[in-house]
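> See protein04.txt below, with compact mmCIF, N, CA and C atoms.
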# COMPACT_ATOMS: atom_id res chain seq x y z
N MET A 1 -34.38 -17.91 -4.70
CA MET A 1 -35.11 -17.01 -5.57
C MET A 1 -34.73 -17.31 -7.01
N VAL A 2 -35.68 -17.68 -7.80
CA VAL A 2 -35.43 -18.02 -9.19
C VAL A 2 -35.80 -16.84 -10.06
N GLY A 3 -35.06 -16.62 -11.13
CA GLY A 3 -35.35 -15.52 -12.03
C GLY A 3 -34.29 -14.45 -11.89
N THR A 4 -34.32 -13.53 -12.80
CA THR A 4 -33.34 -12.45 -12.77
C THR A 4 -34.02 -11.17 -12.32
N THR A 5 -33.25 -10.34 -11.68
CA THR A 5 -33.76 -9.04 -11.30
C THR A 5 -32.86 -7.99 -11.91
N GLU A 6 -33.45 -6.91 -12.32
CA GLU A 6 -32.72 -5.86 -13.01
C GLU A 6 -32.86 -4.57 -12.22
N ALA A 7 -31.75 -3.94 -11.92
CA ALA A 7 -31.81 -2.73 -11.10
C ALA A 7 -32.25 -1.54 -11.93
N VAL A 8 -33.16 -0.78 -11.38
CA VAL A 8 -33.60 0.45 -12.03
C VAL A 8 -32.56 1.54 -11.79
N ASP A 9 -31.93 1.52 -10.61
CA ASP A 9 -30.91 2.48 -10.23
C ASP A 9 -29.61 2.12 -10.95
N SER A 10 -29.20 2.94 -11.91
CA SER A 10 -27.95 2.65 -12.63
C SER A 10 -26.98 3.81 -12.41
N SER A 11 -26.57 4.00 -11.19
CA SER A 11 -25.67 5.10 -10.85
C SER A 11 -24.26 4.81 -11.32
N ALA A 12 -23.47 5.85 -11.45
CA ALA A 12 -22.08 5.72 -11.92
C ALA A 12 -21.22 4.95 -10.94
N SER A 13 -21.65 4.86 -9.67
CA SER A 13 -20.84 4.18 -8.66
C SER A 13 -20.79 2.67 -8.88
N ASN A 14 -21.57 2.14 -9.82
CA ASN A 14 -21.53 0.70 -10.11
C ASN A 14 -20.21 0.29 -10.76
N ASN A 15 -19.38 1.25 -11.15
CA ASN A 15 -18.12 0.95 -11.83
C ASN A 15 -16.92 0.96 -10.90
N LYS A 16 -17.13 1.02 -9.58
CA LYS A 16 -16.01 1.05 -8.64
C LYS A 16 -15.23 -0.25 -8.71
N LYS A 17 -13.90 -0.13 -8.78
CA LYS A 17 -13.05 -1.31 -8.90
C LYS A 17 -12.93 -2.08 -7.58
N ASN A 18 -13.13 -1.39 -6.46
CA ASN A 18 -12.95 -2.06 -5.17
C ASN A 18 -14.29 -2.46 -4.54
N ARG A 19 -15.34 -2.58 -5.34
CA ARG A 19 -16.65 -2.98 -4.83
C ARG A 19 -16.88 -4.47 -5.08
N ILE A 20 -17.39 -5.13 -4.05
CA ILE A 20 -17.80 -6.53 -4.17
C ILE A 20 -19.30 -6.58 -3.96
N GLN A 21 -20.02 -7.03 -4.96
CA GLN A 21 -21.47 -7.18 -4.84
C GLN A 21 -21.76 -8.61 -4.42
N VAL A 22 -22.25 -8.75 -3.20
CA VAL A 22 -22.40 -10.05 -2.58
C VAL A 22 -23.79 -10.64 -2.84
N SER A 23 -23.79 -11.92 -3.17
CA SER A 23 -25.03 -12.67 -3.32
C SER A 23 -24.98 -13.82 -2.33
N ASN A 24 -26.09 -14.16 -1.72
CA ASN A 24 -26.05 -15.28 -0.78
C ASN A 24 -26.38 -16.60 -1.46
N THR A 25 -26.47 -16.60 -2.78
CA THR A 25 -26.73 -17.85 -3.49
C THR A 25 -25.60 -18.25 -4.43
N GLN A 26 -24.70 -17.34 -4.76
CA GLN A 26 -23.70 -17.61 -5.79
C GLN A 26 -22.43 -18.29 -5.27
N LYS A 27 -21.84 -17.75 -4.23
CA LYS A 27 -20.53 -18.23 -3.76
C LYS A 27 -20.57 -18.47 -2.26
N PRO A 28 -19.66 -19.32 -1.76
CA PRO A 28 -19.59 -19.52 -0.30
C PRO A 28 -19.07 -18.27 0.40
N LEU A 29 -19.39 -18.17 1.68
CA LEU A 29 -19.04 -17.01 2.50
C LEU A 29 -17.55 -16.69 2.44
N PHE A 30 -16.69 -17.70 2.60
CA PHE A 30 -15.26 -17.42 2.67
C PHE A 30 -14.65 -17.08 1.32
N PHE A 31 -15.36 -17.32 0.22
CA PHE A 31 -14.94 -16.79 -1.08
C PHE A 31 -14.91 -15.26 -0.99
N TYR A 32 -15.99 -14.69 -0.44
CA TYR A 32 -16.08 -13.23 -0.31
C TYR A 32 -15.10 -12.68 0.72
N VAL A 33 -14.88 -13.40 1.81
CA VAL A 33 -13.92 -12.96 2.83
C VAL A 33 -12.52 -12.87 2.20
N ASN A 34 -12.12 -13.90 1.49
CA ASN A 34 -10.80 -13.92 0.86
C ASN A 34 -10.68 -12.90 -0.26
N LEU A 35 -11.77 -12.70 -1.02
CA LEU A 35 -11.76 -11.69 -2.07
C LEU A 35 -11.62 -10.29 -1.46
N ALA A 36 -12.30 -10.05 -0.36
CA ALA A 36 -12.21 -8.75 0.32
C ALA A 36 -10.78 -8.50 0.80
N LYS A 37 -10.12 -9.55 1.30
CA LYS A 37 -8.72 -9.40 1.73
C LYS A 37 -7.83 -8.99 0.55
N ARG A 38 -8.04 -9.64 -0.60
CA ARG A 38 -7.24 -9.31 -1.79
C ARG A 38 -7.51 -7.88 -2.25
N TYR A 39 -8.78 -7.46 -2.21
CA TYR A 39 -9.12 -6.09 -2.61
C TYR A 39 -8.47 -5.08 -1.67
N MET A 40 -8.45 -5.38 -0.37
CA MET A 40 -7.81 -4.46 0.57
C MET A 40 -6.31 -4.39 0.34
N GLN A 41 -5.69 -5.52 -0.02
CA GLN A 41 -4.26 -5.50 -0.34
C GLN A 41 -4.01 -4.59 -1.54
N GLN A 42 -4.89 -4.67 -2.54
CA GLN A 42 -4.69 -3.94 -3.78
C GLN A 42 -5.11 -2.48 -3.69
N TYR A 43 -6.26 -2.20 -3.05
CA TYR A 43 -6.83 -0.85 -3.06
C TYR A 43 -6.83 -0.16 -1.69
N ASN A 44 -6.35 -0.83 -0.63
CA ASN A 44 -6.34 -0.33 0.75
C ASN A 44 -7.72 -0.24 1.40
N GLU A 45 -8.78 -0.41 0.62
CA GLU A 45 -10.12 -0.48 1.17
C GLU A 45 -11.01 -1.27 0.22
N VAL A 46 -12.15 -1.72 0.76
CA VAL A 46 -13.08 -2.50 -0.04
C VAL A 46 -14.50 -2.07 0.33
N GLU A 47 -15.37 -2.03 -0.66
CA GLU A 47 -16.77 -1.73 -0.42
C GLU A 47 -17.59 -2.99 -0.67
N LEU A 48 -18.25 -3.45 0.37
CA LEU A 48 -19.12 -4.62 0.27
C LEU A 48 -20.54 -4.12 0.07
N SER A 49 -21.23 -4.67 -0.92
CA SER A 49 -22.56 -4.20 -1.26
C SER A 49 -23.50 -5.40 -1.41
N ALA A 50 -24.75 -5.24 -0.95
CA ALA A 50 -25.72 -6.33 -1.08
C ALA A 50 -27.14 -5.79 -1.08
N LEU A 51 -28.03 -6.60 -1.63
CA LEU A 51 -29.46 -6.29 -1.65
C LEU A 51 -30.23 -7.37 -0.89
N GLY A 52 -31.32 -6.97 -0.27
CA GLY A 52 -32.27 -7.92 0.30
C GLY A 52 -31.68 -8.92 1.26
N MET A 53 -31.93 -10.20 0.97
CA MET A 53 -31.52 -11.28 1.85
C MET A 53 -30.00 -11.43 1.96
N ALA A 54 -29.25 -10.88 1.03
CA ALA A 54 -27.79 -10.99 1.08
C ALA A 54 -27.16 -10.01 2.06
N ILE A 55 -27.96 -9.11 2.63
CA ILE A 55 -27.43 -8.13 3.58
C ILE A 55 -26.79 -8.82 4.79
N ALA A 56 -27.41 -9.87 5.29
CA ALA A 56 -26.86 -10.60 6.44
C ALA A 56 -25.49 -11.17 6.10
N THR A 57 -25.31 -11.62 4.87
CA THR A 57 -24.02 -12.17 4.43
C THR A 57 -22.94 -11.09 4.45
N VAL A 58 -23.27 -9.89 3.96
CA VAL A 58 -22.31 -8.78 3.93
C VAL A 58 -21.90 -8.39 5.35
N VAL A 59 -22.87 -8.33 6.25
CA VAL A 59 -22.56 -7.97 7.64
C VAL A 59 -21.65 -9.03 8.25
N THR A 60 -21.91 -10.30 7.97
CA THR A 60 -21.07 -11.39 8.49
C THR A 60 -19.64 -11.27 7.95
N ILE A 61 -19.49 -11.00 6.67
CA ILE A 61 -18.15 -10.84 6.07
C ILE A 61 -17.41 -9.70 6.75
N ALA A 62 -18.08 -8.57 6.92
CA ALA A 62 -17.45 -7.41 7.56
C ALA A 62 -17.03 -7.74 8.99
N GLU A 63 -17.88 -8.44 9.72
CA GLU A 63 -17.57 -8.79 11.11
C GLU A 63 -16.40 -9.77 11.20
N ILE A 64 -16.33 -10.72 10.29
CA ILE A 64 -15.20 -11.67 10.26
C ILE A 64 -13.89 -10.90 10.06
N LEU A 65 -13.88 -9.97 9.10
CA LEU A 65 -12.67 -9.20 8.81
C LEU A 65 -12.30 -8.30 9.99
N LYS A 66 -13.30 -7.69 10.62
CA LYS A 66 -13.02 -6.82 11.78
C LYS A 66 -12.55 -7.63 12.98
N ASN A 67 -13.22 -8.74 13.27
CA ASN A 67 -12.87 -9.55 14.44
C ASN A 67 -11.50 -10.21 14.31
N ASN A 68 -11.04 -10.43 13.08
CA ASN A 68 -9.71 -10.99 12.87
C ASN A 68 -8.64 -9.91 12.83
N GLY A 69 -9.03 -8.66 13.07
CA GLY A 69 -8.07 -7.57 13.12
C GLY A 69 -7.59 -7.08 11.77
N LEU A 70 -8.26 -7.48 10.70
CA LEU A 70 -7.81 -7.12 9.36
C LEU A 70 -8.40 -5.82 8.84
N ALA A 71 -9.58 -5.45 9.31
CA ALA A 71 -10.28 -4.30 8.73
C ALA A 71 -10.83 -3.38 9.82
N ILE A 72 -11.00 -2.13 9.40
CA ILE A 72 -11.71 -1.17 10.23
C ILE A 72 -12.90 -0.64 9.41
N GLU A 73 -13.97 -0.39 10.11
CA GLU A 73 -15.19 0.09 9.47
C GLU A 73 -15.05 1.59 9.21
N LYS A 74 -15.24 1.99 7.95
CA LYS A 74 -15.13 3.40 7.61
C LYS A 74 -16.50 4.05 7.44
N LYS A 75 -17.42 3.30 6.82
CA LYS A 75 -18.71 3.89 6.50
C LYS A 75 -19.73 2.79 6.26
N ILE A 76 -20.96 3.01 6.72
CA ILE A 76 -22.06 2.10 6.42
C ILE A 76 -23.19 2.93 5.85
N MET A 77 -23.67 2.54 4.68
CA MET A 77 -24.78 3.25 4.04
C MET A 77 -25.92 2.27 3.79
N THR A 78 -27.12 2.69 4.12
CA THR A 78 -28.29 1.87 3.82
C THR A 78 -29.23 2.69 2.95
N SER A 79 -29.97 1.99 2.11
CA SER A 79 -30.95 2.67 1.26
C SER A 79 -31.96 1.64 0.77
N THR A 80 -32.93 2.14 0.06
CA THR A 80 -33.93 1.29 -0.58
C THR A 80 -33.92 1.63 -2.06
N ILE A 81 -33.86 0.62 -2.90
CA ILE A 81 -33.87 0.88 -4.34
C ILE A 81 -35.06 0.19 -4.98
N ASP A 82 -35.50 0.74 -6.09
CA ASP A 82 -36.60 0.15 -6.84
C ASP A 82 -36.04 -0.85 -7.84
N MET A 83 -36.59 -2.04 -7.84
CA MET A 83 -36.17 -3.10 -8.76
C MET A 83 -37.38 -3.53 -9.57
N ARG A 84 -37.12 -4.08 -10.73
CA ARG A 84 -38.18 -4.70 -11.53
C ARG A 84 -37.86 -6.18 -11.64
N GLU A 85 -38.81 -7.02 -11.26
CA GLU A 85 -38.59 -8.46 -11.38
C GLU A 85 -38.90 -8.87 -12.81
N GLU A 86 -37.91 -9.49 -13.45
CA GLU A 86 -37.99 -9.94 -14.83
C GLU A 86 -38.35 -8.76 -15.73
N SER A 87 -38.78 -8.99 -16.94
CA SER A 87 -39.10 -7.89 -17.84
C SER A 87 -40.58 -7.52 -17.70
N GLY A 88 -40.83 -6.27 -17.49
CA GLY A 88 -42.21 -5.78 -17.40
C GLY A 88 -42.90 -6.07 -16.09
N GLY A 89 -42.21 -6.64 -15.12
CA GLY A 89 -42.82 -6.91 -13.83
C GLY A 89 -43.05 -5.62 -13.06
N ARG A 90 -43.83 -5.73 -12.00
CA ARG A 90 -44.09 -4.52 -11.22
C ARG A 90 -42.85 -4.17 -10.40
N PRO A 91 -42.65 -2.87 -10.13
CA PRO A 91 -41.47 -2.47 -9.33
C PRO A 91 -41.59 -2.95 -7.89
N VAL A 92 -40.47 -3.38 -7.34
CA VAL A 92 -40.42 -3.84 -5.95
C VAL A 92 -39.30 -3.07 -5.26
N GLN A 93 -39.51 -2.70 -4.01
CA GLN A 93 -38.44 -2.03 -3.27
C GLN A 93 -37.59 -3.06 -2.56
N LYS A 94 -36.27 -2.88 -2.65
CA LYS A 94 -35.32 -3.78 -2.00
C LYS A 94 -34.40 -2.96 -1.10
N ALA A 95 -34.10 -3.52 0.07
CA ALA A 95 -33.14 -2.89 0.97
C ALA A 95 -31.75 -3.09 0.39
N LYS A 96 -30.90 -2.09 0.58
CA LYS A 96 -29.52 -2.15 0.08
C LYS A 96 -28.59 -1.69 1.20
N ILE A 97 -27.43 -2.34 1.30
CA ILE A 97 -26.41 -1.91 2.27
C ILE A 97 -25.08 -1.85 1.54
N GLU A 98 -24.29 -0.86 1.93
CA GLU A 98 -22.92 -0.74 1.44
C GLU A 98 -22.04 -0.49 2.66
N ILE A 99 -21.04 -1.33 2.84
CA ILE A 99 -20.12 -1.20 3.97
C ILE A 99 -18.73 -0.96 3.40
N LEU A 100 -18.14 0.16 3.78
CA LEU A 100 -16.78 0.49 3.35
C LEU A 100 -15.82 0.12 4.47
N LEU A 101 -14.90 -0.78 4.15
CA LEU A 101 -13.89 -1.23 5.11
C LEU A 101 -12.51 -0.80 4.64
N GLY A 102 -11.68 -0.39 5.58
CA GLY A 102 -10.30 -0.05 5.27
C GLY A 102 -9.37 -1.02 5.96
N LYS A 103 -8.12 -1.03 5.52
CA LYS A 103 -7.10 -1.87 6.15
C LYS A 103 -6.89 -1.42 7.59
N SER A 104 -6.72 -2.38 8.48
CA SER A 104 -6.34 -2.04 9.85
C SER A 104 -4.83 -1.79 9.86
N GLU A 105 -4.34 -1.24 10.97
CA GLU A 105 -2.89 -1.01 11.08
C GLU A 105 -2.12 -2.33 11.04
N LYS A 106 -2.75 -3.41 11.51
CA LYS A 106 -2.08 -4.72 11.58
C LYS A 106 -2.28 -5.56 10.31
N PHE A 107 -3.00 -5.04 9.32
CA PHE A 107 -3.39 -5.83 8.15
C PHE A 107 -2.20 -6.50 7.47
N ASP A 108 -1.19 -5.70 7.08
CA ASP A 108 -0.05 -6.25 6.34
C ASP A 108 0.71 -7.29 7.15
N LYS A 109 0.86 -7.03 8.43
CA LYS A 109 1.57 -7.97 9.32
C LYS A 109 0.79 -9.29 9.43
N LEU A 110 -0.53 -9.19 9.61
CA LEU A 110 -1.36 -10.40 9.73
C LEU A 110 -1.39 -11.20 8.43
N MET A 111 -1.44 -10.50 7.31
CA MET A 111 -1.47 -11.19 6.01
C MET A 111 -0.13 -11.88 5.74
N ALA A 112 0.96 -11.23 6.12
CA ALA A 112 2.29 -11.84 5.93
C ALA A 112 2.42 -13.08 6.80
N ALA A 113 1.93 -13.02 8.03
CA ALA A 113 1.99 -14.18 8.93
C ALA A 113 1.14 -15.32 8.40
N ALA A 114 -0.03 -15.01 7.83
CA ALA A 114 -0.89 -16.03 7.25
C ALA A 114 -0.24 -16.67 6.03
N ALA A 115 0.42 -15.88 5.20
CA ALA A 115 1.10 -16.41 4.01
C ALA A 115 2.26 -17.31 4.41
N GLU A 116 2.99 -16.92 5.44
CA GLU A 116 4.11 -17.71 5.95
C GLU A 116 3.61 -19.03 6.51
N GLU A 117 2.51 -18.97 7.24
CA GLU A 117 1.93 -20.19 7.82
C GLU A 117 1.46 -21.15 6.72
N ALA A 118 0.90 -20.59 5.64
CA ALA A 118 0.44 -21.42 4.53
C ALA A 118 1.62 -22.12 3.86
N LEU A 119 2.77 -21.42 3.75
CA LEU A 119 3.96 -22.03 3.17
C LEU A 119 4.52 -23.14 4.06
N ASP A 120 4.47 -22.93 5.37
CA ASP A 120 4.96 -23.93 6.31
C ASP A 120 4.10 -25.21 6.27
N ASN A 121 2.84 -25.07 5.96
CA ASN A 121 1.93 -26.22 5.92
C ASN A 121 2.03 -27.04 4.65
N GLU A 122 2.76 -26.52 3.66
CA GLU A 122 2.88 -27.27 2.40
C GLU A 122 3.88 -28.38 2.48
Take the structure in the file and write it out as structure tokens.

Amino acid sequence: MVGTTEAVDSSASNNKKNRIQVSNTQKPLFFYVNLAKRYMQQYNEVELSALGMAIATVVTIAEILKNNGLAIEKKIMTSTIDMREESGGRPVQKAKIEILLGKSEKFDKLMAAAAEEALDNE
């Protein structure tokens, strides 16, 4: 998708420090997986957010974290927001998902083991 899109919805929740807004064109999948791990270390939970075609990427990230025992699902919110394509374009509705993940009980132990393994491989 070429061009910029501007959100009409400018809610105060856009300023959350533990929110990752995922794009399926900007960064590789495991960039977001690793970023989510760091956010959970720092804030104990992370909110993954995406629009449109990037929703599948967010679900995949959440499933990777859950299947590896790192995260538990706290909340899933879906909605539709009005967007304007470029300046003066007609409004378009886009699907939106927000997934709130928290640290699992094993998170710190698993992260410590992964860090130790990384040191052993150097």
> Would you mind reading off the distance between CA of Thr60 in chain A and CA of Glu122 in chain A, one decimal, in Å?
29.4 Å
> Considering all atoms listed in the file, return as number ranges by chain whatever protein or nucleic-acid residues lie within 6 Å of Ser23 in chain A, sequence-local ones (same chain, fewer than 3 positions apart) excluded.
A: 26-27, 54
> Mind dumping the selected residues with N, CA and C atoms as a short mmCIF file (atom, residue, chain, number, x, y, z; two decimals), in the coordinates of the input?

data_model
loop_
_atom_site.label_atom_id
_atom_site.label_comp_id
_atom_site.auth_asym_id
_atom_site.auth_seq_id
_atom_site.Cartn_x
_atom_site.Cartn_y
_atom_site.Cartn_z
N GLN A 26 -24.70 -17.34 -4.76
CA GLN A 26 -23.70 -17.61 -5.79
C GLN A 26 -22.43 -18.29 -5.27
N LYS A 27 -21.84 -17.75 -4.23
CA LYS A 27 -20.53 -18.23 -3.76
C LYS A 27 -20.57 -18.47 -2.26
N ALA A 54 -29.25 -10.88 1.03
CA ALA A 54 -27.79 -10.99 1.08
C ALA A 54 -27.16 -10.01 2.06
#
> Taking a cut-off of 7 Å and counting all atoms listed in the file, can you build a table that, for each residue of range 15-54 of chain A near range 87-99 of chain A, reports the nearest atom pair and how far apart they are in Å (one decimal), sorted by chain then residue number, as a tab-separated table?

residue	atom	partner	partner_atom	distance
A:Val46	C	A:Ile99	C	5.3
A:Glu47	CA	A:Ile99	C	4.4
A:Leu48	N	A:Ile99	C	4.0
A:Ser49	CA	A:Glu98	CA	4.4
A:Ala50	C	A:Ile97	N	4.2
A:Leu51	CA	A:Ala95	C	4.4
A:Gly52	N	A:Ala95	C	4.0
> Once 5 Å is added on each side, what are the centre and the three edge lengths, in Å to one decimal, of the axis-aligned box enclosing the listed atoms of range 79-97 of chain A? Present them as JSON.

{"center_x": -34.6, "center_y": -3.6, "center_z": -7.8, "size_x": 29.0, "size_y": 22.6, "size_z": 30.1}
> Please determine, counting only C-alpha atoms, which residue among A:Val22, A:Leu100, A:Ala112, A:Val33 has the shortest atom-to-atom distance to Ile72 in chain A.
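Among A:Val22, A:Leu100, A:Ala112, A:Val33, it is A:Leu100 that comes nearest to Ile72 in chain A.
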> Can you check which residues of chain A DSSP gives as strand (DSSP E or B) on the backbone and send them as a PyMOL selection string?
chain A and resi 5-7+19-21+45-51+71-85+91-103
> Produce a file of the selected residues containing N, CA and C atoms, as a compact mmCIF listing (two decimals), in the coordinates of the input.

# COMPACT_ATOMS: atom_id res chain seq x y z
N THR A 5 -33.25 -10.34 -11.68
CA THR A 5 -33.76 -9.04 -11.30
C THR A 5 -32.86 -7.99 -11.91
N GLU A 6 -33.45 -6.91 -12.32
CA GLU A 6 -32.72 -5.86 -13.01
C GLU A 6 -32.86 -4.57 -12.22
N ALA A 7 -31.75 -3.94 -11.92
CA ALA A 7 -31.81 -2.73 -11.10
C ALA A 7 -32.25 -1.54 -11.93
N ARG A 19 -15.34 -2.58 -5.34
CA ARG A 19 -16.65 -2.98 -4.83
C ARG A 19 -16.88 -4.47 -5.08
N ILE A 20 -17.39 -5.13 -4.05
CA ILE A 20 -17.80 -6.53 -4.17
C ILE A 20 -19.30 -6.58 -3.96
N GLN A 21 -20.02 -7.03 -4.96
CA GLN A 21 -21.47 -7.18 -4.84
C GLN A 21 -21.76 -8.61 -4.42
N GLU A 45 -8.78 -0.41 0.62
CA GLU A 45 -10.12 -0.48 1.17
C GLU A 45 -11.01 -1.27 0.22
N VAL A 46 -12.15 -1.72 0.76
CA VAL A 46 -13.08 -2.50 -0.04
C VAL A 46 -14.50 -2.07 0.33
N GLU A 47 -15.37 -2.03 -0.66
CA GLU A 47 -16.77 -1.73 -0.42
C GLU A 47 -17.59 -2.99 -0.67
N LEU A 48 -18.25 -3.45 0.37
CA LEU A 48 -19.12 -4.62 0.27
C LEU A 48 -20.54 -4.12 0.07
N SER A 49 -21.23 -4.67 -0.92
CA SER A 49 -22.56 -4.20 -1.26
C SER A 49 -23.50 -5.40 -1.41
N ALA A 50 -24.75 -5.24 -0.95
CA ALA A 50 -25.72 -6.33 -1.08
C ALA A 50 -27.14 -5.79 -1.08
N LEU A 51 -28.03 -6.60 -1.63
CA LEU A 51 -29.46 -6.29 -1.65
C LEU A 51 -30.23 -7.37 -0.89
N ALA A 71 -9.58 -5.45 9.31
CA ALA A 71 -10.28 -4.30 8.73
C ALA A 71 -10.83 -3.38 9.82
N ILE A 72 -11.00 -2.13 9.40
CA ILE A 72 -11.71 -1.17 10.23
C ILE A 72 -12.90 -0.64 9.41
N GLU A 73 -13.97 -0.39 10.11
CA GLU A 73 -15.19 0.09 9.47
C GLU A 73 -15.05 1.59 9.21
N LYS A 74 -15.24 1.99 7.95
CA LYS A 74 -15.13 3.40 7.61
C LYS A 74 -16.50 4.05 7.44
N LYS A 75 -17.42 3.30 6.82
CA LYS A 75 -18.71 3.89 6.50
C LYS A 75 -19.73 2.79 6.26
N ILE A 76 -20.96 3.01 6.72
CA ILE A 76 -22.06 2.10 6.42
C ILE A 76 -23.19 2.93 5.85
N MET A 77 -23.67 2.54 4.68
CA MET A 77 -24.78 3.25 4.04
C MET A 77 -25.92 2.27 3.79
N THR A 78 -27.12 2.69 4.12
CA THR A 78 -28.29 1.87 3.82
C THR A 78 -29.23 2.69 2.95
N SER A 79 -29.97 1.99 2.11
CA SER A 79 -30.95 2.67 1.26
C SER A 79 -31.96 1.64 0.77
N THR A 80 -32.93 2.14 0.06
CA THR A 80 -33.93 1.29 -0.58
C THR A 80 -33.92 1.63 -2.06
N ILE A 81 -33.86 0.62 -2.90
CA ILE A 81 -33.87 0.88 -4.34
C ILE A 81 -35.06 0.19 -4.98
N ASP A 82 -35.50 0.74 -6.09
CA ASP A 82 -36.60 0.15 -6.84
C ASP A 82 -36.04 -0.85 -7.84
N MET A 83 -36.59 -2.04 -7.84
CA MET A 83 -36.17 -3.10 -8.76
C MET A 83 -37.38 -3.53 -9.57
N ARG A 84 -37.12 -4.08 -10.73
CA ARG A 84 -38.18 -4.70 -11.53
C ARG A 84 -37.86 -6.18 -11.64
N GLU A 85 -38.81 -7.02 -11.26
CA GLU A 85 -38.59 -8.46 -11.38
C GLU A 85 -38.90 -8.87 -12.81
N PRO A 91 -42.65 -2.87 -10.13
CA PRO A 91 -41.47 -2.47 -9.33
C PRO A 91 -41.59 -2.95 -7.89
N VAL A 92 -40.47 -3.38 -7.34
CA VAL A 92 -40.42 -3.84 -5.95
C VAL A 92 -39.30 -3.07 -5.26
N GLN A 93 -39.51 -2.70 -4.01
CA GLN A 93 -38.44 -2.03 -3.27
C GLN A 93 -37.59 -3.06 -2.56
N LYS A 94 -36.27 -2.88 -2.65
CA LYS A 94 -35.32 -3.78 -2.00
C LYS A 94 -34.40 -2.96 -1.10
N ALA A 95 -34.10 -3.52 0.07
CA ALA A 95 -33.14 -2.89 0.97
C ALA A 95 -31.75 -3.09 0.39
N LYS A 96 -30.90 -2.09 0.58
CA LYS A 96 -29.52 -2.15 0.08
C LYS A 96 -28.59 -1.69 1.20
N ILE A 97 -27.43 -2.34 1.30
CA ILE A 97 -26.41 -1.91 2.27
C ILE A 97 -25.08 -1.85 1.54
N GLU A 98 -24.29 -0.86 1.93
CA GLU A 98 -22.92 -0.74 1.44
C GLU A 98 -22.04 -0.49 2.66
N ILE A 99 -21.04 -1.33 2.84
CA ILE A 99 -20.12 -1.20 3.97
C ILE A 99 -18.73 -0.96 3.40
N LEU A 100 -18.14 0.16 3.78
CA LEU A 100 -16.78 0.49 3.35
C LEU A 100 -15.82 0.12 4.47
N LEU A 101 -14.90 -0.78 4.15
CA LEU A 101 -13.89 -1.23 5.11
C LEU A 101 -12.51 -0.80 4.64
N GLY A 102 -11.68 -0.39 5.58
CA GLY A 102 -10.30 -0.05 5.27
C GLY A 102 -9.37 -1.02 5.96
N LYS A 103 -8.12 -1.03 5.52
CA LYS A 103 -7.10 -1.87 6.15
C LYS A 103 -6.89 -1.42 7.59
> List every residue of range 43-108 of chain A that DSSP, applied to the backbone, labels as helix (DSSP H, G or I), and write the result as a list in words.
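For range 43-108 of chain A, the helix (DSSP H, G or I) set is Tyr43, Gly52, Met53, Ala54, Ile55, Ala56, Thr57, Val58, Val59, Thr60, Ile61, Ala62, Glu63, Ile64, Leu65, Lys66, Asn67, Phe107 and Asp108 of chain A.
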> Just checking: using all atoms listed in the file, which residue out of A:Leu65, A:Met53, A:Thr25, A:Ala118 ends up closest to Lys37 in chain A?
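Ranked by minimum distance to Lys37 in chain A, first place goes to A:Leu65.
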> Between A:Asp120, A:Gln41, A:Glu85, A:Leu35, which one has atoms that come closest to Ile20 in chain A, using all atoms listed in the file?
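Answer, going by the shortest atom-to-atom distance: A:Leu35.
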> Counting only C-alpha atoms, which of A:Arg19, A:Lys109, A:Gly102, A:Ile55 gets nearest to Lys75 in chain A?
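Using only C-alpha atoms, Lys75 in chain A sits closest to A:Gly102.
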> Which residue is closest to Phe107 in chain A? Choose from A:Thr80, A:Asn18, A:Asn24, A:Asn68 and count only C-alpha atoms.
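Between A:Thr80, A:Asn18, A:Asn24, A:Asn68, the residue approaching Phe107 in chain A most closely is A:Asn68.
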> What is the distance between CA of Pro28 in chain A and CA of Ala114 in chain A, in Å to one decimal?
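Between CA of Pro28 in chain A and CA of Ala114 in chain A the gap works out to 20.5 Å.
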